[in-house]
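Here is the structure we will look at, set down as structure tokens.
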Amino acid sequence: MAKRNLNDLLYFVTVAREGSFTRAASVLGVTQSAISQAISGLESRLDIRLLTRNTRSLSLTAAGERLLNSIGHRLDEIDAELEELTEMRDKPAGTVRITCGEHVLRSMLLPKLTPLLLEYPDINVEFDVNYGFRNIVADRFDAGVRLGDTIDKDMIAVPIGPSLRVAIAASPAYFEKRGVPSTPHDLLRHNCINMRMQTAGGIYTWDFEHNGRSLSVRVNGQLTFNTSPAMVDAALAGIGIASLPEEEFSPYLKEGKLMRVLDEWCPFFPGYYLYYPSRRQPSPAFTLVLNALREPHQRTR
């Protein structure tokens with residue numbers, strides 16, 4: 001039997017999963033031309049079309065769908081087995097892929113992981129900054145970071161930070177011009193800065209709690225974002241009122257550049273968790289990353 005080039009199969013599976021030659025080339029670290037030539041060669045040897053391509057879209061043929069379903073998980077198993085071989089090395093090594101938001105990456109993940117990376121130079125960590133709810137199994141991430149109340153039940157979830165609290169804030173100049181709201185319903189008369197959910201596409205409602213009473217308000221305003229740093233910038237510019245975890249406003253509140261309101265209505269909620277599939281055997285590198293990110297009282301040897 002003639003030997004097959006497994007790279008061609010890897011290229012095909014990556015393109016099929018990413019839905020794009022451009023994204024696949026970025027993931028694999030090769031050129032789009034190399035991927036295109038490899039898949040064309042694979043189709044030629046099999047004498048069957050695997051992908052339907054045009055200038056705007058890419059889709060799998062029936063044969064391509066069958067090939068992806070039959071070999072995709074096997075390539076994942078090979079990759080996992082190779083990762084587990086690092087247990088036989090003197091020092092843990094390998095790449096850990098994590099999807100998360102930008103703020104938690106900069107404020108929590110990088111500070112906690114820096115000592116680990118300096119101690120273990122053979123451990124690599126790849127971060128995917130994304131505010132949508134990525135499917136970490138399908139997208140081949142080792143783990144993700146989300147707020148604790150948004151994680152699927154079939155995942156192992158480990159707290160990596162304390163409980164958080166909502167803050168409602170705007171610039172002093174904004175409140176001087178528009179007045180200070182005294183109840184959540186007063187927000188309906190204000191210019192509020194909204195956030196759109198990347199996965200479902202809807203606008204977040206602002207949730208409040210006071211003396212056992214829960215209240216949700218759909219606010220309106222000129223600006224809507226899908227990332228929190230831009231919301232902070234807009235609040236600093238005096239455009240309107242924003243609602244975010246208080247840690248994202250913290251330095252500006254201390255400096256007096258922002259002022260919080262409705263403090264007694266702002267509840268605590270579960271903080272950030274690292275989550276990963278329960279059926280996947282963690283590699284030594286991932287175990288070290290997990291232990292470095294845990295809350296101190298939960299760390300293990």
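By convention here, the chains of the structure tokens are called A, B, ... in the order presented, each chain's residues are numbered starting at 1, and ligands are numbered starting at 1 in the order presented.
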What are the nearest atom pairs, with distances in Å to one decimal, for all residues of range 187-301 of chain A that come at most 6 Å from range 160-182 of chain A, using only C-alpha atoms, set out by chain and rising residue number as JSON lines?
{"residue": "A:Ala235", "atom": "CA", "partner": "A:Ala170", "partner_atom": "CA", "distance": 5.1}
{"residue": "A:Leu236", "atom": "CA", "partner": "A:Ser171", "partner_atom": "CA", "distance": 5.7}
{"residue": "A:Gly238", "atom": "CA", "partner": "A:Tyr174", "partner_atom": "CA", "distance": 5.1}
{"residue": "A:Ile241", "atom": "CA", "partner": "A:Ala170", "partner_atom": "CA", "distance": 4.6}
{"residue": "A:Ala242", "atom": "CA", "partner": "A:Ala169", "partner_atom": "CA", "distance": 5.5}
{"residue": "A:Ser243", "atom": "CA", "partner": "A:Ile168", "partner_atom": "CA", "distance": 4.6}
{"residue": "A:Leu244", "atom": "CA", "partner": "A:Val166", "partner_atom": "CA", "distance": 5.6}
{"residue": "A:Pro245", "atom": "CA", "partner": "A:Val166", "partner_atom": "CA", "distance": 4.5}
{"residue": "A:Glu246", "atom": "CA", "partner": "A:Ala167", "partner_atom": "CA", "distance": 4.7}
{"residue": "A:Lys257", "atom": "CA", "partner": "A:Ser171", "partner_atom": "CA", "distance": 6.0}
{"residue": "A:Leu258", "atom": "CA", "partner": "A:Ser171", "partner_atom": "CA", "distance": 4.4}
{"residue": "A:Met259", "atom": "CA", "partner": "A:Ala169", "partner_atom": "CA", "distance": 5.3}
{"residue": "A:Arg260", "atom": "CA", "partner": "A:Ala169", "partner_atom": "CA", "distance": 4.1}
{"residue": "A:Val261", "atom": "CA", "partner": "A:Ile168", "partner_atom": "CA", "distance": 5.6}
{"residue": "A:Cys266", "atom": "CA", "partner": "A:Val166", "partner_atom": "CA", "distance": 5.4}
{"residue": "A:Pro267", "atom": "CA", "partner": "A:Arg165", "partner_atom": "CA", "distance": 5.8}
{"residue": "A:Phe268", "atom": "CA", "partner": "A:Arg165", "partner_atom": "CA", "distance": 4.2}
{"residue": "A:Phe269", "atom": "CA", "partner": "A:Leu164", "partner_atom": "CA", "distance": 5.5}
{"residue": "A:Pro270", "atom": "CA", "partner": "A:Ser163", "partner_atom": "CA", "distance": 4.8}
{"residue": "A:Gly271", "atom": "CA", "partner": "A:Ser163", "partner_atom": "CA", "distance": 4.3}
{"residue": "A:Tyr272", "atom": "CA", "partner": "A:Gly161", "partner_atom": "CA", "distance": 5.5}
{"residue": "A:Tyr273", "atom": "CA", "partner": "A:Ile160", "partner_atom": "CA", "distance": 5.3}
{"residue": "A:Leu293", "atom": "CA", "partner": "A:Ile160", "partner_atom": "CA", "distance": 5.4}
{"residue": "A:Arg294", "atom": "CA", "partner": "A:Ile160", "partner_atom": "CA", "distance": 4.5}
{"residue": "A:Glu295", "atom": "CA", "partner": "A:Ile160", "partner_atom": "CA", "distance": 4.9}
Quick one: everything within 10 Å of Thr52 in chain A, counting only C-alpha atoms, minus sequence neighbours fewer than 4 positions away in the same chain. Send it as a ChimeraX atom specification. /A:57-61,64
Please give the complete set of residues from range 8-246 of chain A that DSSP, run on the backbone, assigns to strand (DSSP E or B), formatted as an MDAnalysis selection string. chainID A and resid 51:53 58:60 94:100 123:129 143:147 155:159 164:170 192:196 203 206:210 213:217 224:225 241:245
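For the pair CA of Ile193 in chain A and CA of Phe249 in chain A, the interatomic distance is 13.9 Å.
For the pair CA of Ala25 in chain A and CA of Ile71 in chain A, the separation is 19.6 Å.
For Arg189 in chain A, the set of protein, DNA and RNA residues having any atom at most 10 Å away, when counting only C-alpha atoms and skipping those fewer than 2 positions along the same chain, is Arg178, Gly179, Pro181, His185, Asp186, Leu187, Asn191, Cys192, Val219, Asn220 and Gly221 of chain A.
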Excluding His210 in chain A and its own-chain neighbours fewer than 6 positions away, which residues fall within 12 Å of it when counting only C-alpha atoms? Please give them as a PyMOL selection string. chain A and resi 183-184+216+262-268
Write to file, as a PDB file, in the first residue's frame, the residues of the selection just made, with N, CA and C atoms.
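So the final result, stored in part27.pdb, reads:
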ATOM      1  N   THR A 183     -33.031  55.123  41.559  1.00  0.00           N
ATOM      2  CA  THR A 183     -33.569  53.759  41.470  1.00  0.00           C
ATOM      3  C   THR A 183     -33.235  53.208  40.089  1.00  0.00           C
ATOM      4  N   PRO A 184     -33.237  51.870  39.911  1.00  0.00           N
ATOM      5  CA  PRO A 184     -32.968  51.300  38.590  1.00  0.00           C
ATOM      6  C   PRO A 184     -33.897  51.820  37.501  1.00  0.00           C
ATOM      7  N   SER A 216     -35.064  43.473  36.765  1.00  0.00           N
ATOM      8  CA  SER A 216     -34.317  43.554  35.506  1.00  0.00           C
ATOM      9  C   SER A 216     -34.819  44.751  34.715  1.00  0.00           C
ATOM     10  N   LEU A 262     -26.323  53.652  42.492  1.00  0.00           N
ATOM     11  CA  LEU A 262     -27.198  52.504  42.755  1.00  0.00           C
ATOM     12  C   LEU A 262     -26.448  51.360  43.430  1.00  0.00           C
ATOM     13  N   ASP A 263     -25.484  51.717  44.277  1.00  0.00           N
ATOM     14  CA  ASP A 263     -24.616  50.728  44.907  1.00  0.00           C
ATOM     15  C   ASP A 263     -25.400  49.683  45.686  1.00  0.00           C
ATOM     16  N   GLU A 264     -26.461  50.118  46.383  1.00  0.00           N
ATOM     17  CA  GLU A 264     -27.229  49.188  47.210  1.00  0.00           C
ATOM     18  C   GLU A 264     -28.054  48.205  46.381  1.00  0.00           C
ATOM     19  N   TRP A 265     -28.170  48.447  45.082  1.00  0.00           N
ATOM     20  CA  TRP A 265     -28.916  47.574  44.184  1.00  0.00           C
ATOM     21  C   TRP A 265     -28.011  46.575  43.455  1.00  0.00           C
ATOM     22  N   CYS A 266     -26.725  46.661  43.651  1.00  0.00           N
ATOM     23  CA  CYS A 266     -25.784  45.868  42.843  1.00  0.00           C
ATOM     24  C   CYS A 266     -25.385  44.582  43.563  1.00  0.00           C
ATOM     25  N   PRO A 267     -25.778  43.422  43.047  1.00  0.00           N
ATOM     26  CA  PRO A 267     -25.527  42.157  43.748  1.00  0.00           C
ATOM     27  C   PRO A 267     -24.140  41.571  43.442  1.00  0.00           C
ATOM     28  N   PHE A 268     -23.716  40.663  44.296  1.00  0.00           N
ATOM     29  CA  PHE A 268     -22.544  39.845  44.013  1.00  0.00           C
ATOM     30  C   PHE A 268     -22.967  38.673  43.120  1.00  0.00           C
TER      31      PHE A 268
END
